[in-house]
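Visitor: Take a look at this one; I'll ask things after.
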Amino acid sequence: MGELLGALGLAWPRLLIYPGGMFALGLAWLLARWMVMGKRSSPPAPLPLRREREVVIIDALPPLLALALLPLPPARGFPYGIDLVAALALLGWPRLRALAAGSGLASGVLPGYGLLLLGGALMGAGAGGVELSRLGRAPDTALGWALLLGGGGLWLAGQARLYDGDRGWARRLGELGHLWVGTLPILAALAAGAADRLPTGWAGWTLPPLALIMAALALGAALRVS
Amino acid sequence: MLNAVSAHRFIGFLLTLGLLAGLGMAWLVRDAPLAPGLAHGLLRADALGALFAVVTAGMALAELGAGRADSPARLLVVAGLLAAAYLSGHLGVMAGLFALAGFVRVSGRQPAAALPMALPLICLALGVASMGIQAGEWRYGEPGAGAGLNSGAFALLLLAALLGGGLLALVDGRDVGPARQLDPLLGPAMLYPLLRLDSLGPWNLGWLAAALLLGGAAALWAAWRAATDDLGRAGVWLPRYMIGLALAGAGLGSGAGLALAAFALLSMPLVTLGLSAAAGRPRPWPLWSLCTAAPCGAPFVLAWVGVAAATAGRVPALTLALWAAALLAAVPVARLAASGWGEGPWWPQDTRLLLAAGLSAALGMGAPLALALLVRPMVSQLAGGLSPMGEIALWPWAGLIALDSARQPVASLPTLAMAGLMIILAAIAWIGTRLISWRDRRDEG
C-alpha cells in the first residue's frame, strides 16, 4: 500500500509536465495541425454533439492518463505500467463517445480498428507481450523485429484510416497517444542501433523526439494515402 | 398467505442468501476442497462449485430483477437444484440433479418445445455415463475417476455447453425457437460439467483446440451480431459472447484460461441485469460502467483477461479475435448508454441499473479481490488438469498481471494505480475548470 501511495505521489511530473500534462497538450495541438495538413483533401467533419465544457474535460481525462503512463525516457520511472489493451481503451475513449453518439458503425471504423488491432497483436507477438514497456525494448530475434516494426506500421496505418478531422482536445490527445504507441517500436530500433554511439544519458533526451518525428512523418504519409 | 409481490421479494431474499452462501463457501474452500466423510463422497465442495453457485444465484437474481421470471418459485427451485449439483462429488448425482433442474425448467411446455431444451441435458447425461462406466468410478475426487476421460464424453459435454449456451442462434442470427434460446440459469451452468473435467485430468490437444476454436469463434460472432443488430437485442447476444469467452478460456487449458471463464461467468449477471433495466430508459448513462471499452467495469476486465490469457498462451490469432470481439461488444452498450443525451434528466436512474453498474465497477476495480477469492483457489484445485501456459496473478496493491509459462509478465492492468492517478487527474481538472469559470465570471463582471 505504501509503495503504491509513494509511486502515486512521485508521479506528479508525469501527470503535469511530461509525458502527460503540459507537454502532451502542446504536442497534441502541434500534431493536430500536422494531421489536418495531411488530411487536407477532406474538410474536418463537424463535432457530432455540441457539448458542455465539463463533458469535454471528462472525455480528455482517459487519454491524458494513458499519456502520463507511457514508458518514455527521460520521464521518471513509474512501476505500474499499462499494456496495449488498457492503452487502446483509454486513448480510444473520446472516439468511442463520438461513435456512440452516432447512428451506428460508420464506414472506415471497422477497417481502421482492424488495422489497429492487427498492428497491436503483431507488436505483442513480436515483443513477447502486450505491455507498453515491452514494445520499446529490442526483441531477441529477427522475426520479433519484423513483427514489432510491421505491427507498428499497421498501427499507424489504422490510426490514419480512423482519422476523420480535428475534433477537439480530447480527440487530439487520443491521436497523440496512438502516435506515441506506434512510435515505441521505432524507439526500440533507434535505441538498439544508437545505444553504443551516443554519450551516456543522451539517448533518453534525443531518441524519443527523433522517433516521434519519424512516426509523425509516417503517419502523415499514411494520411495522404488513406 | 403471501401475495405475489411479497413472494417475489422473499424469493429475492432467499436468492441473495444463496449468493452470500456461495461467497461464504468460496471462502471456506479457498485452501482445499471440503469433502466430509459422510455420504461416501457424495458431498464435495470446491472452488469451482462455489464459483458456479455464485453465478447461478446471480443469474437468478438478475432474472428476478429483470422481471422476466414467469414463476419465481420455479426459478428458486432450479437454482437450488443446480447448487446441489455443484455440491455433489458424484458425477452421476450431478448429472441427475442437472436433469431434474432441466425438467423443472421445461415442465408445462409442449414436447416439441421441451425436447430441444432437454437436448443439452441428454448430451450431459450420456457424456457423464460414458465416463463413469468406463472408469468404474463416479466420484470425481477419487484417483481412478480420470480413467473415464474419453473423446466421446468430451464431445458430448462440449456439445451440451454449446447447445445450452444458445450458440445455435449465432448461425442465422435468430434466437426464436427453443433450440436457439439461452436459458439464463442452465445456459451458463452447462459449462460446469465441462470445466469439471479439469478435476479428472489434463485435456488432450485436440480437445483444447476444439474448445478454443469454437469458443473464440462464438465470442467473435456473438459480438459481431451484437454490434450490427438492433440496439434492443444487445441483451440477446452479449451473454452468448460471454459464454463463448468462457469456452475459449476452457480451451486455453491454463490458469489464465480458467480466470477468463470465471470473469466471463461473473460478468454475465451484471450485464443481463443492466441491459434489461436500461431498456426503455431515457438516458441510461450508468451503462457506461458495463461497456467493454470503459476501463473501470467488469466487462473491460473480462476483455483484458481474455487478451492477456491468449497472449500468455502464445495464441496470437485468439488474442486478435478476443480483442476485436471486445471492441465490437462495446458498441451496442456504448450506443445505449449515450442514447437520449440532452433529452431526459440524468437523474433519477433505475435502481437496478445503478446496482448493476455499481457492482460492475466494484468487480472491475476489485478484480484482484475476486481473483484471490474465487479464481486462484479454483486454479490451484484444478491444477492437475491445467497446463502452465499462462496465469493471471495478483499485482500487490496495483491490480492484475498476466504471466506466461516462464513466469514473465506479458500484460498488466494496474486497476488500483490507474484509479488513483485518475482521481488525481480529475482533481486537477476540477481545479482547472473552477479557475476558468472564475476567470470567465470576472471578465463578464
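Ligands are numbered from 1 in the order shown, residues from 1 within each chain, and chains are lettered A, B, ... in the order they appear in the C-alpha cells.
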Could you work out which residues of chain A fall inside 9 Å of chain B? Count only C-alpha atoms, and format the result as a PyMOL selection string.

Guide: chain A and resi 1-5+7-8+11-12+15-16+53-54+57-58+61-62+64-65+80-86+88-90+92-93+96-97+99-105+113-114+117-118+120-122+124-125+128-132+134

Visitor: Check the DSSP output for the backbone and give back, as a ChimeraX atom specification, the residues of segment 34-211 of chain A in helix (DSSP H, G or I).

Guide: /A:34-38,53-68,84-91,93-101,109-127,132-135,142-162,169-194,203-211

Visitor: If you measure from atom CA of Ala310 of chain B to atom CA of Gly257 of chain B, what distance in Å do you get, rounded to one decimal?

Guide: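 Taking atom CA of Ala310 of chain B and atom CA of Gly257 of chain B, their separation equals 7.9 Å.
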
Visitor: Write out as a list in words each polymer residue whose atoms come within 10 Å of Pro143 of chain B, counting only C-alpha atoms; drop sequence neighbours fewer than 3 positions from it.

Guide: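 Those residues are Glu137, Arg139, Tyr140, Gly146, Ala147, Ser199, Leu200 and Gly201 of chain B.
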
Visitor: Produce a file of the selected residues containing N, CA and C atoms, as a PDB file, in the first residue's frame.

Guide:
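As a result, part_34.pdb now contains:
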```pdb
ATOM      1  N   GLU B 137     -15.657 -45.546 -11.679  1.00  0.00           N
ATOM      2  CA  GLU B 137     -15.579 -44.639 -10.514  1.00  0.00           C
ATOM      3  C   GLU B 137     -16.320 -43.358 -10.873  1.00  0.00           C
ATOM      4  N   ARG B 139     -17.005 -40.867  -8.538  1.00  0.00           N
ATOM      5  CA  ARG B 139     -16.673 -39.724  -7.672  1.00  0.00           C
ATOM      6  C   ARG B 139     -15.428 -39.050  -8.239  1.00  0.00           C
ATOM      7  N   TYR B 140     -15.624 -37.802  -8.666  1.00  0.00           N
ATOM      8  CA  TYR B 140     -14.530 -37.157  -9.394  1.00  0.00           C
ATOM      9  C   TYR B 140     -13.322 -36.870  -8.523  1.00  0.00           C
ATOM     10  N   GLY B 146     -10.197 -40.337 -13.342  1.00  0.00           N
ATOM     11  CA  GLY B 146      -9.612 -39.803 -14.567  1.00  0.00           C
ATOM     12  C   GLY B 146      -9.559 -40.817 -15.693  1.00  0.00           C
ATOM     13  N   ALA B 147      -9.621 -42.124 -15.343  1.00  0.00           N
ATOM     14  CA  ALA B 147      -9.545 -43.159 -16.384  1.00  0.00           C
ATOM     15  C   ALA B 147     -10.753 -43.112 -17.309  1.00  0.00           C
ATOM     16  N   SER B 199     -10.890 -31.559 -13.218  1.00  0.00           N
ATOM     17  CA  SER B 199     -10.645 -32.303 -11.978  1.00  0.00           C
ATOM     18  C   SER B 199     -10.173 -33.721 -12.269  1.00  0.00           C
ATOM     19  N   LEU B 200     -10.513 -34.207 -13.460  1.00  0.00           N
ATOM     20  CA  LEU B 200     -10.205 -35.606 -13.771  1.00  0.00           C
ATOM     21  C   LEU B 200      -8.819 -35.768 -14.383  1.00  0.00           C
ATOM     22  N   GLY B 201      -8.342 -34.759 -15.075  1.00  0.00           N
ATOM     23  CA  GLY B 201      -7.022 -34.862 -15.687  1.00  0.00           C
ATOM     24  C   GLY B 201      -6.867 -33.863 -16.799  1.00  0.00           C
TER      25      GLY B 201
END
```

Visitor: Would you list the contacts of Ser88 of chain B as an mmCIF file with N, CA and C atoms, in the first residue's frame, taking every protein, DNA or RNA residue within 6 Å and counting only C-alpha atoms, but skipping same-chain residues closer than 4 positions in sequence?

Guide:
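What landed in result17.cif:
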```
data_model
loop_
_atom_site.group_PDB
_atom_site.id
_atom_site.type_symbol
_atom_site.label_atom_id
_atom_site.label_comp_id
_atom_site.auth_asym_id
_atom_site.auth_seq_id
_atom_site.Cartn_x
_atom_site.Cartn_y
_atom_site.Cartn_z
ATOM 1 N N LEU B 42 -20.406 -38.412 -1.659
ATOM 2 C CA LEU B 42 -21.444 -37.756 -2.463
ATOM 3 C C LEU B 42 -21.371 -36.245 -2.342
ATOM 4 N N LEU B 43 -20.909 -35.794 -1.190
ATOM 5 C CA LEU B 43 -20.800 -34.349 -0.972
ATOM 6 C C LEU B 43 -19.354 -33.918 -1.139
ATOM 7 N N ARG B 44 -19.172 -32.893 -1.921
ATOM 8 C CA ARG B 44 -17.812 -32.356 -2.078
ATOM 9 C C ARG B 44 -17.943 -30.912 -2.532
ATOM 10 N N MET B 94 -24.642 -35.564 -9.937
ATOM 11 C CA MET B 94 -24.571 -34.212 -10.526
ATOM 12 C C MET B 94 -25.413 -34.156 -11.817
#
```

Visitor: Mind checking which residues fall within 8 Å of Leu212 of chain B, counting only C-alpha atoms, ignoring those fewer than 5 positions away in the same chain, and posting them as a ChimeraX atom specification?

Guide: /B:247-252

Visitor: For Leu382 of chain B, find every residue with an atom within 10 Å (counting only C-alpha atoms), except residues of its own chain fewer than 6 positions away, and show them as a VMD selection string.

Guide: chain B and resid 46 to 48 195 to 202 254 to 255 258 376

Visitor: With N, CA, C and O atoms retained, export the selected residues as an mmCIF file, in the first residue's frame.

Guide:
```
data_model
loop_
_atom_site.group_PDB
_atom_site.id
_atom_site.type_symbol
_atom_site.label_atom_id
_atom_site.label_comp_id
_atom_site.auth_asym_id
_atom_site.auth_seq_id
_atom_site.Cartn_x
_atom_site.Cartn_y
_atom_site.Cartn_z
ATOM 1 N N ASP B 46 -15.952 -27.537 -3.637
ATOM 2 C CA ASP B 46 -14.657 -26.953 -4.011
ATOM 3 C C ASP B 46 -14.877 -25.576 -4.639
ATOM 4 O O ASP B 46 -16.023 -25.100 -4.752
ATOM 5 N N ALA B 47 -13.777 -24.959 -5.039
ATOM 6 C CA ALA B 47 -13.865 -23.565 -5.502
ATOM 7 C C ALA B 47 -14.628 -23.445 -6.817
ATOM 8 O O ALA B 47 -15.299 -22.436 -7.053
ATOM 9 N N LEU B 48 -14.534 -24.467 -7.688
ATOM 10 C CA LEU B 48 -15.283 -24.413 -8.947
ATOM 11 C C LEU B 48 -16.782 -24.423 -8.661
ATOM 12 O O LEU B 48 -17.552 -23.642 -9.247
ATOM 13 N N LEU B 195 -15.977 -27.793 -17.360
ATOM 14 C CA LEU B 195 -14.821 -27.362 -16.570
ATOM 15 C C LEU B 195 -14.477 -28.398 -15.501
ATOM 16 O O LEU B 195 -13.319 -28.492 -15.074
ATOM 17 N N ARG B 196 -15.478 -29.180 -15.068
ATOM 18 C CA ARG B 196 -15.217 -30.212 -14.064
ATOM 19 C C ARG B 196 -14.258 -31.263 -14.596
ATOM 20 O O ARG B 196 -13.566 -31.947 -13.834
ATOM 21 N N LEU B 197 -14.183 -31.404 -15.922
ATOM 22 C CA LEU B 197 -13.248 -32.379 -16.496
ATOM 23 C C LEU B 197 -11.811 -32.083 -16.082
ATOM 24 O O LEU B 197 -10.976 -32.987 -16.066
ATOM 25 N N ASP B 198 -11.533 -30.806 -15.762
ATOM 26 C CA ASP B 198 -10.179 -30.480 -15.308
ATOM 27 C C ASP B 198 -9.859 -31.177 -13.988
ATOM 28 O O ASP B 198 -8.687 -31.322 -13.631
ATOM 29 N N SER B 199 -10.890 -31.559 -13.218
ATOM 30 C CA SER B 199 -10.645 -32.303 -11.978
ATOM 31 C C SER B 199 -10.173 -33.721 -12.269
ATOM 32 O O SER B 199 -9.560 -34.365 -11.424
ATOM 33 N N LEU B 200 -10.513 -34.207 -13.460
ATOM 34 C CA LEU B 200 -10.205 -35.606 -13.771
ATOM 35 C C LEU B 200 -8.819 -35.768 -14.383
ATOM 36 O O LEU B 200 -8.208 -36.830 -14.270
ATOM 37 N N GLY B 201 -8.342 -34.759 -15.075
ATOM 38 C CA GLY B 201 -7.022 -34.862 -15.687
ATOM 39 C C GLY B 201 -6.867 -33.863 -16.799
ATOM 40 O O GLY B 201 -7.819 -33.157 -17.157
ATOM 41 N N PRO B 202 -5.656 -33.789 -17.360
ATOM 42 C CA PRO B 202 -5.419 -32.822 -18.443
ATOM 43 C C PRO B 202 -6.162 -33.219 -19.713
ATOM 44 O O PRO B 202 -6.364 -34.393 -19.984
ATOM 45 N N SER B 254 -5.372 -23.315 -19.259
ATOM 46 C CA SER B 254 -4.359 -22.808 -18.331
ATOM 47 C C SER B 254 -5.058 -22.084 -17.191
ATOM 48 O O SER B 254 -6.279 -21.892 -17.211
ATOM 49 N N GLY B 255 -4.270 -21.666 -16.208
ATOM 50 C CA GLY B 255 -4.851 -20.879 -15.123
ATOM 51 C C GLY B 255 -5.446 -19.587 -15.633
ATOM 52 O O GLY B 255 -6.512 -19.157 -15.176
ATOM 53 N N LEU B 258 -8.794 -20.334 -17.179
ATOM 54 C CA LEU B 258 -9.844 -20.502 -16.167
ATOM 55 C C LEU B 258 -10.258 -19.150 -15.595
ATOM 56 O O LEU B 258 -11.438 -18.925 -15.307
ATOM 57 N N ARG B 376 -8.185 -17.857 -7.939
ATOM 58 C CA ARG B 376 -6.935 -18.553 -7.599
ATOM 59 C C ARG B 376 -7.158 -19.880 -6.896
ATOM 60 O O ARG B 376 -6.495 -20.865 -7.216
#
```

Visitor: Which of these, A:Ala32, A:Ile213, A:Leu148, A:Leu67, has the shortest distance to Gly177 of chain A once you count only C-alpha atoms?

Guide: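 Nearest candidate to Gly177 of chain A out of A:Ala32, A:Ile213, A:Leu148, A:Leu67: A:Leu67.
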